[in-house]
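Participant: The following file, input_38.txt, comprises compact mmCIF, C-alpha atoms:
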# COMPACT_ATOMS: atom_id res chain seq x y z
CA MET K 1 10.34 -25.26 1.62
CA THR K 2 13.08 -25.06 4.28
CA LYS K 3 12.56 -21.84 6.17
CA PRO K 4 15.05 -19.30 4.82
CA ARG K 5 16.75 -16.76 7.07
CA HIS K 6 17.18 -13.68 4.91
CA ILE K 7 14.13 -12.50 2.94
CA ALA K 8 14.48 -9.89 0.20
CA VAL K 9 11.24 -7.90 0.15
CA ILE K 10 10.33 -5.96 -2.97
CA ASP K 11 8.12 -3.11 -1.71
CA ILE K 12 6.64 -0.84 -4.39
CA GLY K 13 4.71 2.00 -2.74
CA LYS K 14 3.01 4.87 -4.52
CA THR K 15 5.78 7.26 -3.47
CA ASN K 16 8.89 5.06 -3.35
CA ALA K 17 10.13 1.70 -4.58
CA LYS K 18 12.17 -0.23 -2.01
CA LEU K 19 14.10 -3.40 -1.48
CA ALA K 20 14.44 -4.46 2.17
CA LEU K 21 16.41 -7.42 3.47
CA VAL K 22 14.74 -8.90 6.54
CA ASP K 23 16.33 -11.43 8.91
CA LEU K 24 13.42 -13.76 9.63
CA SER K 25 14.96 -14.99 12.88
CA THR K 26 15.08 -11.50 14.40
CA LEU K 27 12.72 -9.57 12.10
CA LYS K 28 15.39 -6.92 11.79
CA GLU K 29 15.96 -5.06 8.57
CA ILE K 30 19.57 -5.68 7.60
CA ALA K 31 19.46 -3.30 4.66
CA VAL K 32 16.98 -1.04 2.87
CA VAL K 33 17.45 0.82 -0.41
CA THR K 34 14.90 3.06 -2.12
CA ARG K 35 14.25 5.01 -5.29
CA PRO K 36 11.43 7.45 -6.11
CA ASN K 37 8.40 5.94 -7.82
CA THR K 38 8.38 8.63 -10.49
CA VAL K 39 5.43 8.41 -12.87
CA LEU K 40 6.25 8.70 -16.57
CA ALA K 41 3.99 11.00 -18.57
CA GLY K 42 3.44 8.71 -21.55
CA PRO K 43 2.57 7.85 -24.25
CA PRO K 44 0.10 6.22 -24.25
CA TRP K 45 -0.87 7.26 -20.69
CA ALA K 46 0.77 8.12 -17.37
CA HIS K 47 2.50 4.95 -16.27
CA PHE K 48 4.95 3.48 -13.79
CA ASP K 49 8.66 3.23 -14.52
CA THR K 50 8.77 -0.55 -14.43
CA GLU K 51 12.07 -0.82 -16.32
CA GLY K 52 13.77 1.66 -14.01
CA HIS K 53 12.47 -0.24 -10.99
CA TRP K 54 13.57 -3.55 -12.50
CA GLU K 55 17.18 -2.41 -13.03
CA PHE K 56 17.23 -1.01 -9.50
CA LEU K 57 15.82 -4.24 -8.00
CA LEU K 58 18.20 -6.55 -9.85
CA ALA K 59 21.21 -4.49 -8.79
CA ALA K 60 20.02 -4.40 -5.18
CA LEU K 61 19.31 -8.15 -5.13
CA LYS K 62 22.82 -8.81 -6.41
CA SER K 63 24.31 -6.53 -3.75
CA PHE K 64 22.21 -7.96 -0.92
CA HIS K 65 23.07 -11.52 -1.87
CA ARG K 66 26.76 -10.78 -2.19
CA GLU K 67 26.90 -9.05 1.21
CA HIS K 68 24.41 -11.05 3.26
CA GLY K 69 22.88 -13.94 1.29
CA VAL K 70 19.25 -14.04 0.14
CA GLY K 71 17.19 -17.13 0.93
CA ALA K 72 13.79 -16.16 -0.51
CA ILE K 73 11.97 -13.26 -2.12
CA SER K 74 8.62 -11.73 -1.19
CA VAL K 75 6.74 -8.88 -2.86
CA THR K 76 4.35 -6.22 -1.62
CA THR K 77 2.96 -3.31 -3.63
CA HIS K 78 0.32 -0.61 -3.55
CA GLY K 79 -3.14 -1.57 -4.72
CA ALA K 80 -5.28 -0.25 -7.59
CA CYS K 81 -2.85 -1.69 -10.08
CA ALA K 82 -2.76 -4.54 -12.55
CA ALA K 83 -0.42 -5.59 -15.34
CA LEU K 84 -1.53 -6.80 -18.78
CA LEU K 85 0.79 -9.42 -20.25
CA ASP K 86 0.91 -10.66 -23.81
CA ALA K 87 1.34 -14.29 -24.87
CA GLN K 88 5.14 -13.99 -24.58
CA GLY K 89 4.89 -12.66 -21.01
CA ALA K 90 5.90 -9.09 -21.84
CA LEU K 91 3.77 -6.08 -20.96
CA ALA K 92 1.03 -5.66 -23.55
CA ALA K 93 0.88 -1.99 -22.52
CA PRO K 94 2.56 0.22 -19.89
CA ILE K 95 1.10 -0.15 -16.38
CA LEU K 96 -1.36 2.70 -15.90
CA ASP K 97 -0.93 5.09 -12.97
CA TYR K 98 -4.22 5.01 -11.08
CA GLU K 99 -4.22 8.82 -10.77
CA HIS K 100 -4.34 9.26 -14.54
CA PRO K 101 -7.64 11.00 -15.44
CA ILE K 102 -10.30 8.91 -17.14
CA PRO K 103 -12.67 10.79 -19.50
CA ALA K 104 -16.22 11.36 -18.31
CA GLU K 105 -17.79 9.35 -21.13
CA ILE K 106 -15.70 6.27 -20.28
CA SER K 107 -16.46 6.73 -16.59
CA ALA K 108 -20.17 6.82 -17.41
CA ARG K 109 -19.86 3.60 -19.41
CA TYR K 110 -18.04 2.03 -16.52
CA ASP K 111 -20.71 3.08 -14.02
CA ALA K 112 -23.24 1.15 -16.10
CA LEU K 113 -21.03 -1.97 -16.09
CA ARG K 114 -19.75 -2.24 -12.53
CA PRO K 115 -21.51 -4.47 -9.98
CA PRO K 116 -23.09 -2.99 -6.86
CA PHE K 117 -21.17 -2.38 -3.64
CA SER K 118 -23.19 -5.14 -2.00
CA GLN K 119 -21.49 -7.67 -4.28
CA THR K 120 -17.90 -6.38 -4.31
CA GLY K 121 -17.46 -4.31 -1.13
CA SER K 122 -15.72 -1.90 -3.47
CA PRO K 123 -16.78 1.77 -3.66
CA ARG K 124 -16.72 3.79 -6.87
CA LEU K 125 -13.48 5.72 -6.71
CA ALA K 126 -11.89 8.56 -8.66
CA HIS K 127 -9.72 8.12 -11.76
CA GLY K 128 -8.40 4.55 -12.04
CA LEU K 129 -8.60 3.58 -8.38
CA ASN K 130 -10.99 0.81 -9.44
CA VAL K 131 -8.92 -1.56 -11.57
CA GLY K 132 -12.01 -2.36 -13.63
CA ALA K 133 -12.19 1.30 -14.67
CA GLN K 134 -8.52 1.21 -15.65
CA LEU K 135 -9.12 -1.77 -17.89
CA LEU K 136 -12.12 -0.25 -19.65
CA TYR K 137 -10.15 2.96 -20.23
CA GLN K 138 -7.11 1.14 -21.59
CA PHE K 139 -9.20 -1.08 -23.87
CA SER K 140 -11.04 2.01 -25.13
CA GLN K 141 -7.80 3.89 -25.88
CA ASP K 142 -6.02 0.94 -27.50
CA LEU K 143 -8.58 -1.09 -29.42
CA ASP K 144 -6.18 -4.02 -29.97
CA LEU K 145 -5.10 -4.25 -26.34
CA ASN K 146 -7.76 -6.68 -25.17
CA ALA K 147 -6.89 -9.06 -27.97
CA ARG K 148 -3.14 -8.74 -27.22
CA THR K 149 -3.67 -9.43 -23.53
CA ALA K 150 -3.17 -13.05 -22.58
CA HIS K 151 -2.91 -12.66 -18.80
CA ILE K 152 -4.00 -10.08 -16.23
CA VAL K 153 -1.91 -10.23 -13.05
CA GLY K 154 -1.78 -8.23 -9.84
CA TYR K 155 1.04 -5.76 -9.29
CA PRO K 156 2.88 -7.93 -6.72
CA GLN K 157 2.62 -10.84 -9.14
CA TYR K 158 3.94 -8.74 -12.03
CA TRP K 159 7.28 -8.58 -10.21
CA GLY K 160 6.95 -12.23 -9.25
CA HIS K 161 6.36 -13.07 -12.90
CA ARG K 162 9.50 -11.24 -13.96
CA LEU K 163 11.43 -13.30 -11.43
CA THR K 164 9.81 -16.70 -12.05
CA GLY K 165 7.83 -16.61 -15.30
CA VAL K 166 4.66 -17.73 -13.44
CA VAL K 167 1.37 -15.80 -13.81
CA ALA K 168 -0.91 -15.35 -10.78
CA ASN K 169 -2.99 -13.03 -8.64
CA ASP K 170 -3.29 -12.91 -4.87
CA ALA K 171 -6.52 -12.49 -2.94
CA THR K 172 -5.45 -9.32 -1.11
CA SER K 173 -4.63 -7.45 -4.32
CA ILE K 174 -7.61 -8.52 -6.40
CA GLY K 175 -9.77 -7.85 -3.32
CA CYS K 176 -8.47 -4.27 -3.09
CA HIS K 177 -11.37 -2.18 -4.58
CA THR K 178 -10.85 -3.63 -8.05
CA ASP K 179 -14.59 -4.26 -8.62
CA LEU K 180 -13.44 -7.63 -10.01
CA TRP K 181 -13.80 -9.70 -6.83
CA ASN K 182 -16.73 -10.87 -4.75
CA PRO K 183 -15.26 -11.21 -1.22
CA HIS K 184 -18.46 -12.75 0.12
CA LYS K 185 -18.04 -15.76 -2.19
CA SER K 186 -14.27 -15.64 -2.86
CA GLN K 187 -14.79 -15.61 -6.60
CA PHE K 188 -14.74 -13.18 -9.51
CA SER K 189 -17.51 -10.60 -9.62
CA ASP K 190 -19.87 -10.17 -12.55
CA LEU K 191 -17.58 -7.46 -13.96
CA ALA K 192 -14.96 -9.94 -15.15
CA GLN K 193 -17.47 -11.51 -17.52
CA ARG K 194 -18.91 -8.14 -18.59
CA LEU K 195 -15.44 -6.94 -19.60
CA GLY K 196 -14.73 -10.21 -21.39
CA ILE K 197 -11.63 -10.94 -19.30
CA GLU K 198 -12.75 -13.79 -17.04
CA GLN K 199 -10.45 -16.27 -18.79
CA LYS K 200 -7.54 -13.81 -18.83
CA ILE K 201 -7.34 -13.08 -15.12
CA ALA K 202 -4.56 -15.25 -13.76
CA PRO K 203 -5.43 -17.78 -11.01
CA VAL K 204 -5.92 -16.36 -7.52
CA HIS K 205 -3.64 -17.74 -4.82
CA LYS K 206 -2.99 -17.18 -1.14
CA SER K 207 -0.32 -14.58 -0.48
CA ASN K 208 2.07 -17.11 1.08
CA ASP K 209 1.82 -19.67 -1.72
CA ILE K 210 5.13 -20.32 -3.49
CA LEU K 211 4.85 -18.73 -6.91
CA GLY K 212 7.97 -20.44 -8.24
CA THR K 213 11.76 -20.25 -8.31
CA LEU K 214 14.07 -17.90 -10.18
CA LEU K 215 14.39 -18.00 -13.93
CA PRO K 216 17.92 -18.99 -15.03
CA GLU K 217 18.64 -15.54 -16.45
CA ILE K 218 17.67 -13.88 -13.16
CA SER K 219 19.91 -16.26 -11.24
CA MET K 220 22.77 -15.41 -13.58
CA VAL K 221 22.35 -11.63 -13.26
CA THR K 222 21.86 -11.53 -9.47
CA GLY K 223 24.01 -14.44 -8.34
CA LEU K 224 21.10 -15.92 -6.38
CA PRO K 225 20.61 -19.70 -6.72
CA ALA K 226 18.01 -20.68 -9.31
CA SER K 227 16.27 -22.61 -6.52
CA THR K 228 15.48 -19.38 -4.59
CA PRO K 229 11.72 -19.42 -3.87
CA VAL K 230 9.46 -16.43 -4.59
CA VAL K 231 6.14 -16.20 -2.75
CA CYS K 232 2.98 -14.97 -4.42
CA GLY K 233 2.94 -11.56 -2.69
CA ILE K 234 0.58 -9.20 -0.92
CA HIS K 235 -1.12 -5.79 -1.04
CA ASP K 236 0.90 -3.38 1.12
CA SER K 237 -1.68 -2.41 3.75
CA ASN K 238 -2.46 -6.11 4.20
CA ALA K 239 1.26 -6.71 4.69
CA SER K 240 1.10 -4.26 7.61
CA LEU K 241 -1.91 -6.13 8.98
CA TYR K 242 -0.49 -9.64 8.65
CA PRO K 243 1.86 -9.77 11.68
CA HIS K 244 -0.98 -8.57 13.89
CA LEU K 245 -3.32 -11.25 12.55
CA LEU K 246 -0.74 -13.74 13.77
CA THR K 247 -0.28 -12.24 17.25
CA GLN K 248 -3.16 -10.03 18.40
CA LYS K 249 -6.38 -11.01 20.12
CA THR K 250 -9.54 -9.61 18.57
CA PRO K 251 -10.96 -7.03 18.47
CA PHE K 252 -8.25 -4.65 17.27
CA SER K 253 -7.56 -2.24 14.45
CA VAL K 254 -4.49 -1.42 12.39
CA VAL K 255 -3.89 1.98 10.84
CA SER K 256 -1.39 1.73 7.98
CA THR K 257 0.06 5.15 7.15
CA GLY K 258 1.90 6.33 4.07
CA THR K 259 0.59 8.02 0.94
CA TRP K 260 -2.70 6.44 2.01
CA VAL K 261 -3.93 6.09 5.58
CA ILE K 262 -5.91 2.86 5.74
CA ALA K 263 -7.89 1.84 8.81
CA MET K 264 -8.61 -1.89 9.04
CA SER K 265 -10.71 -3.39 11.82
CA VAL K 266 -10.68 -7.03 12.88
CA GLY K 267 -13.46 -8.42 15.06
CA GLY K 268 -15.12 -5.03 15.46
CA GLY K 269 -18.72 -3.87 15.55
CA SER K 270 -21.10 -2.67 12.87
CA PHE K 271 -19.53 -1.66 9.55
CA ALA K 272 -20.89 1.58 8.05
CA ASN K 273 -21.10 -0.02 4.61
CA ASP K 274 -21.17 3.42 2.96
CA PRO K 275 -19.26 3.59 -0.34
CA SER K 276 -19.74 7.38 -0.54
CA ARG K 277 -17.39 7.68 2.44
CA ASP K 278 -14.66 5.47 0.97
CA THR K 279 -15.44 2.48 3.13
CA LEU K 280 -14.59 -0.84 1.57
CA ILE K 281 -14.05 -4.51 2.29
CA ASN K 282 -10.46 -5.65 1.99
CA VAL K 283 -9.43 -9.30 1.91
CA ASN K 284 -6.60 -10.22 4.27
CA ALA K 285 -3.81 -12.75 3.84
CA LEU K 286 -5.94 -15.43 5.52
CA GLY K 287 -8.70 -14.85 2.96
CA ASP K 288 -11.05 -13.15 5.43
CA MET K 289 -12.99 -9.93 4.87
CA VAL K 290 -11.72 -6.84 6.69
CA PRO K 291 -13.91 -3.71 6.99
CA SER K 292 -11.71 -0.78 5.99
CA ALA K 293 -11.78 2.95 5.34
CA ARG K 294 -9.14 5.32 4.07
CA PHE K 295 -7.95 8.75 2.97
CA MET K 296 -4.79 10.15 1.36
CA GLY K 297 -3.19 11.25 4.63
CA GLY K 298 0.43 11.19 3.48
CA ARG K 299 -0.40 13.25 0.40
CA GLU K 300 -2.35 15.70 2.57
CA PHE K 301 0.60 16.02 4.96
CA GLU K 302 2.89 16.89 2.06
CA ARG K 303 0.49 19.45 0.64
CA ILE K 304 -0.03 21.34 3.89
CA GLN K 305 3.62 21.22 5.00
CA ASN K 306 4.71 22.20 1.47
CA GLY K 307 8.27 21.04 1.98
CA HIS K 308 8.82 22.73 5.34
CA PRO K 309 10.42 20.74 8.18
CA PHE K 310 8.10 19.54 10.93
CA GLU K 311 9.11 21.59 13.96
CA ALA K 312 6.79 22.27 16.88
CA SER K 313 6.94 23.17 20.55
CA GLU K 314 4.78 22.95 23.65
CA SER K 315 3.82 26.62 23.22
CA ASP K 316 2.70 25.89 19.65
CA GLU K 317 0.47 23.12 20.96
CA GLN K 318 -1.07 25.43 23.54
CA ALA K 319 -1.69 28.02 20.83
CA VAL K 320 -3.61 25.47 18.74
CA LEU K 321 -5.67 24.16 21.65
CA SER K 322 -6.45 27.53 23.21
CA GLY K 323 -7.00 29.30 19.90
CA GLY K 324 -9.22 26.61 18.42
CA ILE K 325 -7.18 26.51 15.20
CA LYS K 326 -8.51 23.64 13.11
CA LEU K 327 -7.99 22.25 9.63
CA LEU K 328 -11.31 20.94 8.30
CA PRO K 329 -11.85 18.32 5.57
CA SER K 330 -10.75 17.67 3.01
CA VAL K 331 -7.30 18.49 1.68
CA GLU K 332 -7.62 15.67 -0.91
CA ASN K 333 -11.35 15.51 -1.47
CA GLU K 334 -11.71 13.02 -4.31
CA SER K 335 -11.42 10.16 -1.83
CA GLY K 336 -11.81 9.60 1.89
CA PRO K 337 -14.73 10.03 4.28
CA TYR K 338 -15.48 13.65 3.32
CA GLN K 339 -15.51 13.53 -0.47
CA GLY K 340 -16.49 16.80 -2.12
CA HIS K 341 -15.84 18.86 1.04
CA GLU K 342 -13.56 21.83 0.45
CA MET K 343 -10.67 22.22 2.87
CA GLN K 344 -10.87 25.22 5.16
CA TRP K 345 -9.08 26.66 8.15
CA HIS K 346 -11.16 27.45 11.22
CA GLY K 347 -9.71 30.06 13.57
CA GLY K 348 -7.27 31.42 10.99
CA GLU K 349 -4.66 29.79 8.76
CA PRO K 350 -1.26 29.41 10.43
CA ALA K 351 1.85 30.48 8.54
CA GLU K 352 3.59 27.90 6.40
CA GLY K 353 6.49 26.32 8.24
CA SER K 354 5.13 27.23 11.66
CA GLY K 355 4.80 24.80 14.53
CA VAL K 356 1.16 25.83 14.96
CA ARG K 357 0.42 24.72 11.39
CA ALA K 358 2.24 21.40 11.89
CA ILE K 359 0.30 20.57 15.06
CA ALA K 360 -3.08 21.58 13.61
CA LEU K 361 -2.28 19.35 10.62
CA SER K 362 -1.38 16.45 12.93
CA TYR K 363 -4.67 16.82 14.78
CA TYR K 364 -6.56 16.93 11.47
CA LEU K 365 -4.91 13.71 10.32
CA ALA K 366 -5.71 11.99 13.63
CA LEU K 367 -9.35 13.07 13.50
CA MET K 368 -9.70 11.90 9.91
CA THR K 369 -8.24 8.59 11.06
CA GLN K 370 -10.69 8.40 13.95
CA THR K 371 -13.54 9.01 11.49
CA CYS K 372 -12.30 6.09 9.38
CA LEU K 373 -12.03 3.85 12.45
CA ASP K 374 -15.59 4.72 13.48
CA LEU K 375 -16.84 3.82 9.99
CA THR K 376 -15.22 0.38 10.23
CA GLY K 377 -16.80 -0.40 13.62
CA ALA K 378 -13.44 -0.38 15.38
CA LYS K 379 -13.18 -1.79 18.87
CA GLY K 380 -10.23 -2.52 21.12
CA PRO K 381 -6.72 -1.11 20.70
CA THR K 382 -5.50 0.71 17.60
CA ILE K 383 -2.05 -0.10 16.24
CA VAL K 384 -0.46 2.63 14.11
CA GLU K 385 2.07 1.59 11.45
CA GLY K 386 4.30 3.72 9.25
CA PRO K 387 5.42 7.37 9.35
CA PHE K 388 2.57 8.69 11.51
CA ALA K 389 3.64 6.30 14.30
CA ARG K 390 6.47 8.78 14.93
CA ASN K 391 4.21 11.81 15.23
CA ALA K 392 3.45 12.28 18.95
CA TYR K 393 0.79 14.92 18.27
CA PHE K 394 -1.05 12.57 15.92
CA LEU K 395 -0.91 9.73 18.45
CA ASP K 396 -2.05 11.91 21.36
CA MET K 397 -5.07 13.18 19.46
CA LEU K 398 -5.98 9.73 18.11
CA GLY K 399 -5.97 8.32 21.63
CA ALA K 400 -8.09 11.17 23.00
CA ALA K 401 -10.56 11.09 20.10
CA THR K 402 -11.11 7.32 20.13
CA GLY K 403 -10.93 6.82 23.88
CA ARG K 404 -9.18 3.51 23.27
CA PRO K 405 -5.57 2.33 23.75
CA ILE K 406 -3.05 3.33 21.08
CA PHE K 407 -0.01 1.26 20.13
CA ARG K 408 2.66 2.08 17.61
CA SER K 409 5.02 0.08 15.45
CA LEU K 410 8.28 1.89 14.70
CA SER K 411 9.55 -0.25 11.83
CA ALA K 412 11.22 1.83 9.13
CA THR K 413 9.32 -0.15 6.50
CA GLY K 414 6.36 -1.71 8.32
CA THR K 415 5.16 -3.57 5.25
CA SER K 416 8.45 -5.44 4.91
CA PHE K 417 7.91 -7.50 8.07
CA GLY K 418 4.49 -8.71 6.98
CA ALA K 419 5.74 -9.56 3.51
CA ALA K 420 8.76 -11.39 4.94
CA LEU K 421 6.52 -13.47 7.21
CA LEU K 422 4.87 -14.93 4.11
CA CYS K 423 8.08 -16.94 3.75
CA GLY K 424 7.93 -18.50 7.21
CA SER K 425 7.03 -18.02 10.85
CA SER K 426 9.11 -16.08 13.33
CA SER K 427 9.22 -16.00 17.12
CA ALA K 428 10.56 -12.46 16.92
CA ILE K 429 7.41 -10.62 15.83
CA PRO K 430 7.74 -7.42 17.85
CA SER K 431 4.98 -6.27 20.13
CA PRO K 432 3.95 -2.71 19.30
CA ASP K 433 4.81 -0.04 21.86
CA VAL K 434 2.12 1.28 24.17
CA VAL K 435 1.51 5.01 23.73
CA ALA K 436 0.89 6.68 27.09
CA ALA K 437 -2.21 8.85 27.28
CA SER K 438 -1.53 12.57 26.92
CA LYS K 439 -1.54 14.72 30.03
CA GLN K 440 -3.80 17.06 28.07
CA VAL K 441 -6.40 14.43 27.25
CA ASP K 442 -9.31 16.64 28.38
CA SER K 443 -8.27 19.54 26.14
CA LEU K 444 -7.64 17.16 23.24
CA THR K 445 -11.04 15.52 23.70
CA ALA K 446 -12.79 18.89 23.72
CA TYR K 447 -10.88 19.88 20.56
CA ALA K 448 -11.92 16.63 18.86
CA GLN K 449 -15.56 17.14 19.76
CA ALA K 450 -15.50 20.69 18.42
CA TRP K 451 -13.85 19.49 15.17
CA GLN K 452 -16.54 16.86 14.73
CA ARG K 453 -19.31 19.44 15.20
CA LEU K 454 -17.77 21.55 12.44
CA THR K 455 -17.46 18.75 9.87
Let me see the structure of the file written as structure tokens.

Facilitator:
Amino acid sequence: MTKPRHIAVIDIGKTNAKLALVDLSTLKEIAVVTRPNTVLAGPPWAHFDTEGHWEFLLAALKSFHREHGVGAISVTTHGACAALLDAQGALAAPILDYEHPIPAEISARYDALRPPFSQTGSPRLAHGLNVGAQLLYQFSQDLDLNARTAHIVGYPQYWGHRLTGVVANDATSIGCHTDLWNPHKSQFSDLAQRLGIEQKIAPVHKSNDILGTLLPEISMVTGLPASTPVVCGIHDSNASLYPHLLTQKTPFSVVSTGTWVIAMSVGGGSFANDPSRDTLINVNALGDMVPSARFMGGREFERIQNGHPFEASESDEQAVLSGGIKLLPSVENESGPYQGHEMQWHGGEPAEGSGVRAIALSYYLALMTQTCLDLTGAKGPTIVEGPFARNAYFLDMLGAATGRPIFRSLSATGTSFGAALLCGSSSAIPSPDVVAASKQVDSLTAYAQAWQRLT
């Protein structure tokens, strides 16, 4: 296709749904609109508000095209999500929220079905974080669902399907701890056959493949030309990684921050290969395996801050460092590198809303991130994407704890650039900013070492 200039990026995160308009020539975001990704209680199970998102996206596409012009559409979404379509292309059932509890007896049945970590690079995760577990649960709750399901598509491709009518999966989404993919062989795992869905999983494409063009009714509603191309789409943390794959020399690591903090290492050393610590193998947009580890850092930040503004001072920082105040793992302990560990405060719990609490939390998040980087065999610089890239205390501690250079990317929606680049190259990919080492690096290093001894 002719390289378009303005790319509309549908970005469905676990916390918010967004539409960003990216100028491919400058990689500047011309416009961004958001809405909360509120989970609906059911029936039949907790599920995503796809119809609310769809109305929001169509209205935003119409507005963006009227004001700026839209040349192509790309999609990025959170992982651990799949859509079941019937023969007419409609949802055969609401899209399950991966945090919806799955009964113990179904989980036990699933444990007997799923392939080993050595085949999938996918750890056994809580609730429905393994898409295979979601499917078994849904088929067990709705006995006709498997028969009604004609196609199983990834979450980015669900939105692509609504735009184009084409069914597909992309390698980054099906390779995101679904248990359905063998990244070593780039083919379905044994689970697809065991669940009886091998023929229902839509074909797997590269993220930058053209899925199709707009359906006539979508063109009519939005005002976009029917010839507007839609690319296949990408898992959100891989969208953050993609620009760096195009520009960075190996080895390096990318830390994508949001509801999840995901550490991904390219060209690093030995991978821990320990599913009990939430390590996993992701598949990037080039189809290559990427050792990864993660924890729910954004959720943990929200829990500890409890709605209070983040305000801290130099004296607060000194109080944390001199007083040895530490938050120990894990705030969210059903995932991450310290599963089953109960959160505790060492040196006394700071008051809610205090600067001391905010800084101790920032250090905790940085040290959890360093743990994840170590598990992935990280070498070379670390590039931080997303909200934590604006937290100076987090960056200072991460640099001291890893002993390696830290860079930050200050994009408001870091995933949007990567998703936009699926539609064409750009000479404007920004270099991340270098983060200067803290003047208190010795004190920070000592703090990190003490934290590690306590965990």

Participant: Which residues are close to Thr76 (chain K), i.e. within 7 Å by only C-alpha atoms, leaving aside same-chain residues fewer than 6 positions away? Reply as a VMD selection string.

Facilitator: chain K and resid 10 to 12 156 233 to 236 419

Participant: Using only C-alpha atoms, which residues sit within 9 Å of region 310-316 of chain K once same-chain residues fewer than 2 positions away are excluded, as a PyMOL selection string?

Facilitator: chain K and resi 305+308+318-321+353-359

Participant: Name the closest residue to Gly13 (chain K) among the candidates K:Trp260, K:Phe388, K:Tyr242, K:Tyr158; distances are taken between atoms, counting all atoms listed in the file.

Facilitator: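 Of all the options, K:Trp260 lies closest to Gly13 (chain K).
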
Participant: Around the point (-8.2, 3.3, 3.2) (coordinates from the file), which residues reach within 12 Å if we count all atoms listed in the file? Answer as a PyMOL selection string.

Facilitator: chain K and resi 78-80+122-123+125+129+176-177+236-238+254-265+275+277-282+290-298+335-337+368-369+371-373+375-376

Participant: Please compute the CA of Val131 (chain K)-CA of Leu84 (chain K) distance, one decimal, in Å.

Facilitator: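 We find that CA of Val131 (chain K) and CA of Leu84 (chain K) lie 11.6 Å from each other.
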
Participant: From the list K:Arg162, K:His346, K:His6, K:Lys200, which residue is nearest Leu27 (chain K) when using all atoms listed in the file?

Facilitator: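 Between K:Arg162, K:His346, K:His6, K:Lys200, the residue approaching Leu27 (chain K) most closely is K:His6.
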
Participant: May I ask which of the residues K:Leu410, K:Leu241, K:Leu365, K:Leu246 is the closest one to Phe394 (chain K), counting all atoms listed in the file?

Facilitator: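 Nearest candidate to Phe394 (chain K) out of K:Leu410, K:Leu241, K:Leu365, K:Leu246: K:Leu365.
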
Participant: Which residue, K:Pro115, K:Ile218, K:Phe252, K:Asp170, has the smallest gap to Ser189 (chain K) when you use all atoms listed in the file?

Facilitator: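 With all atoms listed in the file as the atom set, the closest residue is K:Pro115.
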
Participant: When you draw a straight line from CA of Phe64 (chain K) to CA of Asn208 (chain K), how long is it in Å?

Facilitator: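 Pair CA of Phe64 (chain K) / CA of Asn208 (chain K) returns 22.2 Å.
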
Participant: Suppose you want the space between CA of Leu163 (chain K) and CA of Ile73 (chain K); what is it in Å?

Facilitator: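 Value for the CA of Leu163 (chain K)-CA of Ile73 (chain K) distance: 9.3 Å.
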